Structures are given as C-alpha cells and as structure tokens.
Amino acid sequence: MGLQVPTYILSMNKKTLDHLLIALTVLFDFCFVATAIVVAYWVRFESGWTPEALALHKGGTPPLDDYFRLIPLMAIIWLMTLKTLGLYQPENNATLSAFWTLCKASGIALIATLAALFFIYHHDAYSRWVMLLASGFSLIWLFLGRLVLHRFRQAIHAQGVGVSRVALIGYDARSEQFIKALQVKPNSGYALVGIVAEKGDADDSMVPYLGKSQDILMLVQKHRLDALFISSPAVPNDTILQILHACEGVPVQINVLPELSEFIIGGSAITLFEGIPVLQLRETPMQGVSGIVKRLIDLVFSAFALIVLSPLMLTIAIIIRLTSPGKAIFRQERVGRAGKPFRIYKFRSMRADAEEKVGHVWAEADDPRQTSLGKFLRRWSLDELPQFFNVLKGDMSLVGPRPEMSGLIDTFSESIPHYLARQRVKSGMTGWAQVNGLRGNTSLEDRISYDRYYIENWSLGLDIKIILKTLWAIKKGSR
C-alpha cells in the first residue's frame with residue numbers, strides 16, 4: 001500500500017507544508033534530546049555496560065529525577081544551537097553537509113550544557129559521561145529524524161501534495177537556467193506548469209506554452225497556479241505592474257528572478273534557489289504555521305460559540321418567525337477568498353421581500369425595510385450570529401475583510417483602486433475596518449485602505465486585538 005496522506009495535508013501548499021515540517025522537526029528534536037538524557041542515564045548507571053572503573057560513582061547512583069531537571073535546559077540549548085546553525089530548513093536538513101553541521105551543533109551544545117551546569121547547578125554533581133552520551137545519542141537521533149521527515153516530504157511530493165504549481169513569465173537564457181535548476185531538484189516543492197510569454201518567444205523551450213501575460217488572471221485560475229516567477233529581465237515594468245494589478249484578487253505569490261543588482265533594494269525579500277537569486281514582490285498572506293493556528297482558532301471558537309449561544313439563537317429564530325412572515329435565516333451570495341462565492345447566513349432583520357425591487361444594495365442605518373426586531377438585532381450584531389456556521393465550514397474566518405455582495409464586485413473593482421486585494425484572504429465576521437468605525441454604508445475607499453493594512457500587517461496578535469475591540473464595541477452597542 002502507498003502512503004496514506006491525511007485529507008488536510010492534501011490541501012496544503014508548499015509554504016504551509018514546509019512550516020508544518022519545521023514544527024514537527026522542532027517537536028521531534030525536543031523529544032529526542034529528552035529521551036537521550038534518560039537513555040544516557042540508563043547506560044551510565046543501570047545497564048551494566050559501563051566499564052567497572054567508570055561505573056563507580058561517588059555517593060552511589062544519583063536519582064533519575066535529578067536528570068529530569070536537565071531536560072528543559074538541555075533542550076533549549078540544543079534548539080537554540082540548531083536554529084542558529086540553520087538546521088530548520090526542510091529542503092536541506094537531510095544532506096551530508098547537514099550531518100556535519102549537526103556534529104558541530106552537538107559539540108557546541110555539549111560545551112554550553114557543561115558551562116550551564118557549572119554556573120546554574122554547581123552545587124549538584126552531574127555525570128559528564130551522561131552529558132557526553134546524551135549528546136551522542138541526540139546527534140544520531142536528530143539526523144535520523146530529519147531523514148524520516150525528508151523521506152515523508154518526498155513521498156507526499158510524489159503524490160502532488162505540498163507542491164506549488166508555478167509558471168514563468170517571459171523566456172530567455174535566465175529562464176532556461178531556472179528550468180534546469182528545477183529539473184535537477186525534482187523534490188523542491190515546485191511543479192513547473194508552463195511559460196507565459198508572447199507567442200513565439202518560448203518556441204525553443206520544452207516547457208508548455210500557456211498564453212500571454214495579458215491573460216494572466218485567466219491563466220492563474222485555469223491552471224490553478226500558486227506562484228509566478230518573472231524570469232526574464234526583458235519583461236517590461238509595465239507588464240509587471242499589469243500582472244500585479246490583475247492578480248490582486250487571487251492568492252498567488254509573485255516573484256522576480258533579478259540580475260545581480262536589478263531590483264535588489266533594502267527591505268526586499270530575497271532568497272536563493274540553487275544559487276539563483278529570487279526576489280519576492282508579494283507574499284501570499286496567512287499561510288504556514290500561523291495560518292494553521294488561525295484556522296484552529298476559527299474552528300475552536302466557532303464551535304464553542306455555537307454550543308454556548310445555541311439557546312439564544314433558537315430563541316431569536318422562533319421570535320423572527322412569530323413576528324414577521326418569512327424564513328428566520330437569510331441567505332445571500334457573497335464573495336470570499338480568491339473570488340470564490342459562498343452563501344452567508346444571517347438572522348433575517350428585514351422584510352422577506354426586501355431585495356425584490358432594489359436588488360443588492362447596502363442597508364441604511366434606519367433602513368425602512370428593517371423589521372422592529374431586526375433593528376434591535378442589527379444594533380447588537382445578533383443578526384450575524386449564524387455566521388459562526390460559515391466560519392466552521394471554512395467559508396469565512398473570525399477576522400478578515402467583510403465579504404461583499406457578488407452583484408457589487410465588478411462595479412467596485414473598476415472604480416476603487418486595489419479593491420480586489422481584499423480577496424487574497426478569507427472574509428471575516430469582523431475586521432480592522434469595522435473596529436475603526438467603518439461599518440455598513442461608509443466610505444468604501446477608507447474601508448479598502450484599512451483592509452489592505454490588515455492584510456499586509458496581519459498577525460495572530462492583531463486578530464486578537466480586533467476580536468477584543470469587537471467585543472467591547474458590542475458591549476457598548478455601537479456595532
């Protein structure tokens with residue numbers, strides 16, 4: 001039987017998979033170092049394998065509990081050493097050079113541990129042989145653990161999991177160099193789909209021709225591209241700007257393969273791929289370990305909220321049905337991440353026929369279409385409680401730009417600069433714009449500005465801040 005990959009891993013992109021593997025590597029390293037101390041203690045004092053001259057220990061065999069106290073100290077020293085020496089890189093941590101770097105890390109960690117024992121636990125006599133054996137066991141197990149994770153990474157890459165589908169923009173000798181680098185390193189996590197260039201420019205390439213840069217948005221969606229590499233310096237700046245603008249509403253990473261000095265400026269995100277400098281113009285936000293944590297928070301919080309608030313939600317639904325004709329839950333098509341439409345759930349706060357004559361329009365503060373109960377629900381944001389189902393399903397997040405009605409997207413994207421940038425992330429029940437007073441029928445330009453700030457400066461800490469500000473605003477009844 002082949003490797004059975006969990007469903008969640010099947011949906012991961014390269015960056016998220018890399019971050020997950022780094023987290024697993026750190027976890028394994030901690031467990032290996034902790035186990036190495038226990039095994040070293042057993043070998044030294046209880047196995048009977050130690051030569052008789054070394055087996056004698058002044059004061060008898062020390063208690064194992066004394067060595068348990070060393071686990072946090074030694075683990076921290078090891079993890080800091082490994083981090084400093086760059087041994088938390090999923091693509092390069094299972095090579096021969098990585099083993100020699102691990103040997104160096106083992107020596108540094110041993111010396112640092114002995115020094116820490118002298119200054120911190122100088123009143124206690126710890127066996128240097130235990131420390132030496134623990135370092136040796138840690139060295140071997142850490143490298144074996146990296147080999148296992150490396151094989152796991154290769155196995156799931158072979159199934160097309162965790163692989164970023166990429167396309168090259170432009171074609172010349174530099175593009176060919178990048179193509180050869182991908183061929184030399186098949187487990188890099190990148191799958192080259194094709195080349196985007198003017199017709200005829202890529203005739204000499206063995207890579208499929210996808211189309212012209214003018215159709216980049218259609219090509220990204222058609223071929224499900226995760227990243228674009230502008231690989232030729234001959235691509236005009238106007239074309240690069242056109243690509244950035246066209247892809248503003250889709251979560252695709254955009255990179256440049258610069259010449260030695262071209263485009264390389266302070267603050268740019270520059271990495272090396274097989275010796276080729278890659279300049280990242282725009283990152284895909286909310287991915288990796290932090291993105292996984294954000295989704296877990298969404299799942300836990302929404303499930304908890306639905307359980308706790310279920311009596312209140314049932315009561316509201318019954319009152320709506322008793323006080324006005326129509327369904328209690330209002331469903332409307334909204335647009336979320338990458339322009340994907342979904343049905344948003346809300347308690348109905350207006351008449352059942354509210355949209356029959358006016359279509360998709362924003363509600364006013366004192367909208368005459370509101371029911372008397374609906375006005376109360378909207379003031380205290382109770383009409384939005386069913387959106388916890390959207391969060392649980394994954395259509396939305398707790399925090400993000402508010403989802404727009406599908407019928408307004410085309411109009412706004414044409415008239416408001418950078419409007420589609422908000423579609424690079426999941427929509428939210430609340431957002432940075434909303435907690436800053438931009439809710440409902442307010443300045444769209446200001447809302448887009450706040451949404452872009454949130455996307456470009458996102459962190460879990462910012463999410464928590466927004467949630468707390470939202471709860472405070474609800475408490476005051478100002479939402």
# chains A, B, ... in the order shown; residues from 1 in each chain; ligands from 1
call {"tool": "residues_around", "arguments": {"residues": "range 428-445 of chain A", "least_positions_apart": "6", "cutoff": "10 Å", "atoms": "only C-alpha atoms", "output": "PDB file with N, CA and C atoms, in the first residue's frame"}}
result
ATOM      1  N   GLY A 336     -15.770  35.561  -1.360  1.00  0.00           N
ATOM      2  CA  GLY A 336     -14.708  35.423  -0.370  1.00  0.00           C
ATOM      3  C   GLY A 336     -13.339  35.346  -1.000  1.00  0.00           C
ATOM      4  N   VAL A 361     -28.165  46.097  -2.587  1.00  0.00           N
ATOM      5  CA  VAL A 361     -27.746  47.429  -2.144  1.00  0.00           C
ATOM      6  C   VAL A 361     -27.427  47.356  -0.662  1.00  0.00           C
ATOM      7  N   TRP A 362     -26.571  48.290  -0.215  1.00  0.00           N
ATOM      8  CA  TRP A 362     -26.244  48.336   1.194  1.00  0.00           C
ATOM      9  C   TRP A 362     -27.440  48.813   2.014  1.00  0.00           C
ATOM     10  N   ALA A 363     -27.538  48.311   3.219  1.00  0.00           N
ATOM     11  CA  ALA A 363     -28.599  48.746   4.127  1.00  0.00           C
ATOM     12  C   ALA A 363     -28.224  50.076   4.766  1.00  0.00           C
ATOM     13  N   GLU A 364     -29.208  50.940   4.935  1.00  0.00           N
ATOM     14  CA  GLU A 364     -29.002  52.211   5.608  1.00  0.00           C
ATOM     15  C   GLU A 364     -29.137  52.026   7.113  1.00  0.00           C
ATOM     16  N   ALA A 365     -28.693  53.039   7.863  1.00  0.00           N
ATOM     17  CA  ALA A 365     -28.771  52.960   9.330  1.00  0.00           C
ATOM     18  C   ALA A 365     -30.214  52.812   9.791  1.00  0.00           C
ATOM     19  N   GLU A 384     -25.787  38.556  13.074  1.00  0.00           N
ATOM     20  CA  GLU A 384     -24.621  37.928  12.469  1.00  0.00           C
ATOM     21  C   GLU A 384     -24.211  36.629  13.157  1.00  0.00           C
ATOM     22  N   LEU A 385     -24.909  36.220  14.199  1.00  0.00           N
ATOM     23  CA  LEU A 385     -24.528  35.007  14.920  1.00  0.00           C
ATOM     24  C   LEU A 385     -24.491  33.754  14.035  1.00  0.00           C
ATOM     25  N   GLN A 387     -23.321  33.393  11.292  1.00  0.00           N
ATOM     26  CA  GLN A 387     -22.084  33.347  10.516  1.00  0.00           C
ATOM     27  C   GLN A 387     -21.014  32.476  11.178  1.00  0.00           C
ATOM     28  N   PHE A 388     -21.228  32.090  12.427  1.00  0.00           N
ATOM     29  CA  PHE A 388     -20.322  31.126  13.039  1.00  0.00           C
ATOM     30  C   PHE A 388     -20.361  29.797  12.267  1.00  0.00           C
ATOM     31  N   ASN A 390     -20.618  29.702   8.983  1.00  0.00           N
ATOM     32  CA  ASN A 390     -19.720  29.972   7.868  1.00  0.00           C
ATOM     33  C   ASN A 390     -18.262  29.809   8.269  1.00  0.00           C
ATOM     34  N   VAL A 391     -17.942  30.257   9.486  1.00  0.00           N
ATOM     35  CA  VAL A 391     -16.570  30.119   9.982  1.00  0.00           C
ATOM     36  C   VAL A 391     -16.231  28.648  10.181  1.00  0.00           C
ATOM     37  N   ASP A 395     -15.833  28.884   5.062  1.00  0.00           N
ATOM     38  CA  ASP A 395     -16.139  29.951   4.103  1.00  0.00           C
ATOM     39  C   ASP A 395     -15.557  31.279   4.574  1.00  0.00           C
ATOM     40  N   MET A 396     -15.533  31.468   5.893  1.00  0.00           N
ATOM     41  CA  MET A 396     -15.090  32.725   6.479  1.00  0.00           C
ATOM     42  C   MET A 396     -14.137  32.450   7.631  1.00  0.00           C
ATOM     43  N   SER A 397     -13.552  33.531   8.131  1.00  0.00           N
ATOM     44  CA  SER A 397     -12.735  33.477   9.338  1.00  0.00           C
ATOM     45  C   SER A 397     -13.383  34.385  10.375  1.00  0.00           C
ATOM     46  N   LEU A 398     -12.944  34.282  11.606  1.00  0.00           N
ATOM     47  CA  LEU A 398     -13.450  35.209  12.619  1.00  0.00           C
ATOM     48  C   LEU A 398     -13.080  36.639  12.268  1.00  0.00           C
ATOM     49  N   VAL A 399     -11.852  36.829  11.776  1.00  0.00           N
ATOM     50  CA  VAL A 399     -11.353  38.167  11.467  1.00  0.00           C
ATOM     51  C   VAL A 399     -10.899  38.215  10.018  1.00  0.00           C
ATOM     52  N   GLY A 400     -11.283  39.277   9.325  1.00  0.00           N
ATOM     53  CA  GLY A 400     -10.893  39.478   7.934  1.00  0.00           C
ATOM     54  C   GLY A 400     -11.760  40.568   7.323  1.00  0.00           C
ATOM     55  N   PRO A 401     -11.504  40.942   6.088  1.00  0.00           N
ATOM     56  CA  PRO A 401     -12.373  41.921   5.424  1.00  0.00           C
ATOM     57  C   PRO A 401     -13.802  41.388   5.309  1.00  0.00           C
ATOM     58  N   ARG A 402     -14.774  42.250   5.491  1.00  0.00           N
ATOM     59  CA  ARG A 402     -16.157  41.792   5.384  1.00  0.00           C
ATOM     60  C   ARG A 402     -16.460  41.368   3.953  1.00  0.00           C
ATOM     61  N   PRO A 403     -17.194  40.253   3.767  1.00  0.00           N
ATOM     62  CA  PRO A 403     -17.488  39.764   2.414  1.00  0.00           C
ATOM     63  C   PRO A 403     -18.480  40.679   1.707  1.00  0.00           C
ATOM     64  N   PHE A 412     -17.263  47.815  -8.065  1.00  0.00           N
ATOM     65  CA  PHE A 412     -16.261  48.332  -7.123  1.00  0.00           C
ATOM     66  C   PHE A 412     -14.845  48.102  -7.627  1.00  0.00           C
ATOM     67  N   SER A 415     -13.917  50.804 -10.084  1.00  0.00           N
ATOM     68  CA  SER A 415     -13.888  52.195  -9.624  1.00  0.00           C
ATOM     69  C   SER A 415     -12.979  52.438  -8.420  1.00  0.00           C
ATOM     70  N   ILE A 416     -12.659  51.393  -7.654  1.00  0.00           N
ATOM     71  CA  ILE A 416     -11.865  51.562  -6.440  1.00  0.00           C
ATOM     72  C   ILE A 416     -10.505  50.898  -6.626  1.00  0.00           C
ATOM     73  N   PRO A 417      -9.400  51.656  -6.589  1.00  0.00           N
ATOM     74  CA  PRO A 417      -8.068  51.052  -6.733  1.00  0.00           C
ATOM     75  C   PRO A 417      -7.801  50.014  -5.644  1.00  0.00           C
ATOM     76  N   HIS A 418      -7.208  48.902  -6.039  1.00  0.00           N
ATOM     77  CA  HIS A 418      -6.791  47.833  -5.122  1.00  0.00           C
ATOM     78  C   HIS A 418      -7.969  47.183  -4.401  1.00  0.00           C
ATOM     79  N   TYR A 419      -9.165  47.323  -4.944  1.00  0.00           N
ATOM     80  CA  TYR A 419     -10.326  46.736  -4.265  1.00  0.00           C
ATOM     81  C   TYR A 419     -10.182  45.224  -4.135  1.00  0.00           C
ATOM     82  N   ASP A 451      -8.582  47.517   5.153  1.00  0.00           N
ATOM     83  CA  ASP A 451      -8.474  46.094   4.823  1.00  0.00           C
ATOM     84  C   ASP A 451      -7.070  45.754   4.325  1.00  0.00           C
ATOM     85  N   ARG A 452      -6.496  46.613   3.484  1.00  0.00           N
ATOM     86  CA  ARG A 452      -5.144  46.372   2.980  1.00  0.00           C
ATOM     87  C   ARG A 452      -4.121  46.441   4.103  1.00  0.00           C
ATOM     88  N   TYR A 453      -4.328  47.357   5.037  1.00  0.00           N
ATOM     89  CA  TYR A 453      -3.422  47.430   6.183  1.00  0.00           C
ATOM     90  C   TYR A 453      -3.458  46.112   6.958  1.00  0.00           C
ATOM     91  N   TYR A 454      -4.662  45.587   7.158  1.00  0.00           N
ATOM     92  CA  TYR A 454      -4.808  44.327   7.897  1.00  0.00           C
ATOM     93  C   TYR A 454      -4.091  43.192   7.181  1.00  0.00           C
ATOM     94  N   ILE A 455      -4.279  43.091   5.863  1.00  0.00           N
ATOM     95  CA  ILE A 455      -3.673  42.005   5.096  1.00  0.00           C
ATOM     96  C   ILE A 455      -2.152  42.094   5.122  1.00  0.00           C
ATOM     97  N   LEU A 462      -2.736  40.756  16.059  1.00  0.00           N
ATOM     98  CA  LEU A 462      -3.676  41.726  15.508  1.00  0.00           C
ATOM     99  C   LEU A 462      -5.086  41.152  15.490  1.00  0.00           C
ATOM    100  N   ASP A 463      -5.229  39.866  15.163  1.00  0.00           N
ATOM    101  CA  ASP A 463      -6.545  39.220  15.200  1.00  0.00           C
ATOM    102  C   ASP A 463      -7.151  39.294  16.599  1.00  0.00           C
ATOM    103  N   LYS A 465      -6.471  41.411  18.955  1.00  0.00           N
ATOM    104  CA  LYS A 465      -6.805  42.807  19.231  1.00  0.00           C
ATOM    105  C   LYS A 465      -8.143  43.179  18.611  1.00  0.00           C
ATOM    106  N   ILE A 466      -8.369  42.758  17.364  1.00  0.00           N
ATOM    107  CA  ILE A 466      -9.620  43.076  16.671  1.00  0.00           C
ATOM    108  C   ILE A 466     -10.800  42.399  17.352  1.00  0.00           C
ATOM    109  N   ILE A 467     -10.626  41.134  17.762  1.00  0.00           N
ATOM    110  CA  ILE A 467     -11.707  40.419  18.444  1.00  0.00           C
ATOM    111  C   ILE A 467     -12.074  41.117  19.751  1.00  0.00           C
ATOM    112  N   LEU A 468     -11.074  41.538  20.516  1.00  0.00           N
ATOM    113  CA  LEU A 468     -11.333  42.221  21.790  1.00  0.00           C
ATOM    114  C   LEU A 468     -12.028  43.563  21.561  1.00  0.00           C
ATOM    115  N   LYS A 469     -11.578  44.306  20.541  1.00  0.00           N
ATOM    116  CA  LYS A 469     -12.217  45.592  20.232  1.00  0.00           C
ATOM    117  C   LYS A 469     -13.659  45.380  19.760  1.00  0.00           C
ATOM    118  N   THR A 470     -13.900  44.266  19.040  1.00  0.00           N
ATOM    119  CA  THR A 470     -15.251  43.958  18.582  1.00  0.00           C
ATOM    120  C   THR A 470     -16.168  43.667  19.761  1.00  0.00           C
ATOM    121  N   LEU A 471     -15.697  42.843  20.684  1.00  0.00           N
ATOM    122  CA  LEU A 471     -16.497  42.516  21.864  1.00  0.00           C
ATOM    123  C   LEU A 471     -16.798  43.765  22.691  1.00  0.00           C
ATOM    124  N   TRP A 472     -15.839  44.659  22.796  1.00  0.00           N
ATOM    125  CA  TRP A 472     -16.042  45.912  23.538  1.00  0.00           C
ATOM    126  C   TRP A 472     -17.087  46.793  22.846  1.00  0.00           C
ATOM    127  N   ALA A 473     -17.006  46.854  21.491  1.00  0.00           N
ATOM    128  CA  ALA A 473     -17.972  47.653  20.744  1.00  0.00           C
ATOM    129  C   ALA A 473     -19.377  47.081  20.874  1.00  0.00           C
ATOM    130  N   SER A 478     -22.398  49.721  19.988  1.00  0.00           N
ATOM    131  CA  SER A 478     -22.033  50.675  18.927  1.00  0.00           C
ATOM    132  C   SER A 478     -21.747  49.989  17.606  1.00  0.00           C
ATOM    133  N   ARG A 479     -21.868  48.668  17.564  1.00  0.00           N
ATOM    134  CA  ARG A 479     -21.672  47.980  16.282  1.00  0.00           C
ATOM    135  C   ARG A 479     -22.970  47.836  15.516  1.00  0.00           C
TER     136      ARG A 479
END
call {"tool": "residues_around", "arguments": {"residues": "Met131 in chain A", "least_positions_apart": "6", "cutoff": "9 Å", "atoms": "only C-alpha atoms", "output": "short mmCIF file (atom, residue, chain, number, x, y, z; two decimals) with N, CA, C and O atoms, in the first residue's frame"}}
result
data_model
loop_
_atom_site.label_atom_id
_atom_site.label_comp_id
_atom_site.auth_asym_id
_atom_site.auth_seq_id
_atom_site.Cartn_x
_atom_site.Cartn_y
_atom_site.Cartn_z
N ILE A 37 18.76 11.98 27.22
CA ILE A 37 19.21 12.13 28.60
C ILE A 37 18.83 10.90 29.43
O ILE A 37 19.64 10.36 30.20
N ALA A 40 20.90 7.89 28.24
CA ALA A 40 22.29 8.05 28.68
C ALA A 40 22.42 7.73 30.17
O ALA A 40 23.41 7.12 30.60
N TYR A 41 21.45 8.16 30.96
CA TYR A 41 21.46 7.85 32.40
C TYR A 41 21.41 6.33 32.60
O TYR A 41 22.16 5.77 33.41
N LEU A 110 27.08 20.51 23.79
CA LEU A 110 27.73 19.84 24.92
C LEU A 110 28.50 20.85 25.77
O LEU A 110 28.38 20.86 27.01
N THR A 113 26.11 23.12 27.57
CA THR A 113 25.43 22.44 28.67
C THR A 113 26.34 22.30 29.88
O THR A 113 25.92 22.56 31.02
N LEU A 114 27.59 21.91 29.66
CA LEU A 114 28.54 21.78 30.76
C LEU A 114 28.78 23.12 31.44
O LEU A 114 28.89 23.21 32.68
#
call {"tool": "atom_distance", "arguments": {"atom1": "CA of Ser413 in chain A", "atom2": "CA of Asn255 in chain A"}}
result
24.0 Å
call {"tool": "residues_around", "arguments": {"residues": "range 314-323 of chain A", "least_positions_apart": "6", "cutoff": "10 Å", "atoms": "only C-alpha atoms", "output": "ChimeraX atom specification"}}
result
/A:329,347-349,371-374,377,382-383
call {"tool": "write_last_selection", "arguments": {"atoms": "N, CA and C atoms", "output": "mmCIF file, in the first residue's frame"}}
result
data_model
loop_
_atom_site.group_PDB
_atom_site.id
_atom_site.type_symbol
_atom_site.label_atom_id
_atom_site.label_comp_id
_atom_site.auth_asym_id
_atom_site.auth_seq_id
_atom_site.Cartn_x
_atom_site.Cartn_y
_atom_site.Cartn_z
ATOM 1 N N ILE A 329 -33.684 32.456 8.811
ATOM 2 C CA ILE A 329 -32.306 32.599 8.349
ATOM 3 C C ILE A 329 -32.297 33.185 6.943
ATOM 4 N N PHE A 347 -29.404 36.106 10.608
ATOM 5 C CA PHE A 347 -30.801 36.178 11.007
ATOM 6 C C PHE A 347 -31.473 37.279 10.187
ATOM 7 N N ARG A 348 -32.631 36.973 9.656
ATOM 8 C CA ARG A 348 -33.320 37.962 8.827
ATOM 9 C C ARG A 348 -33.736 39.157 9.673
ATOM 10 N N SER A 349 -33.251 40.331 9.268
ATOM 11 C CA SER A 349 -33.569 41.560 10.001
ATOM 12 C C SER A 349 -34.459 42.495 9.186
ATOM 13 N N THR A 371 -37.341 45.191 10.038
ATOM 14 C CA THR A 371 -38.428 44.918 10.968
ATOM 15 C C THR A 371 -38.067 45.537 12.319
ATOM 16 N N SER A 372 -39.031 45.634 13.202
ATOM 17 C CA SER A 372 -38.744 46.200 14.517
ATOM 18 C C SER A 372 -37.755 45.333 15.286
ATOM 19 N N LEU A 373 -37.908 44.015 15.175
ATOM 20 C CA LEU A 373 -36.942 43.120 15.812
ATOM 21 C C LEU A 373 -35.590 43.196 15.117
ATOM 22 N N GLY A 374 -35.612 43.333 13.782
ATOM 23 C CA GLY A 374 -34.369 43.400 13.023
ATOM 24 C C GLY A 374 -33.508 44.580 13.409
ATOM 25 N N LEU A 377 -31.743 43.565 16.484
ATOM 26 C CA LEU A 377 -30.709 42.575 16.195
ATOM 27 C C LEU A 377 -29.473 43.209 15.570
ATOM 28 N N LEU A 382 -26.596 40.828 16.699
ATOM 29 C CA LEU A 382 -27.121 39.485 16.896
ATOM 30 C C LEU A 382 -27.530 38.837 15.575
ATOM 31 N N ASP A 383 -27.776 39.653 14.552
ATOM 32 C CA ASP A 383 -28.157 39.092 13.260
ATOM 33 C C ASP A 383 -27.008 38.319 12.611
#
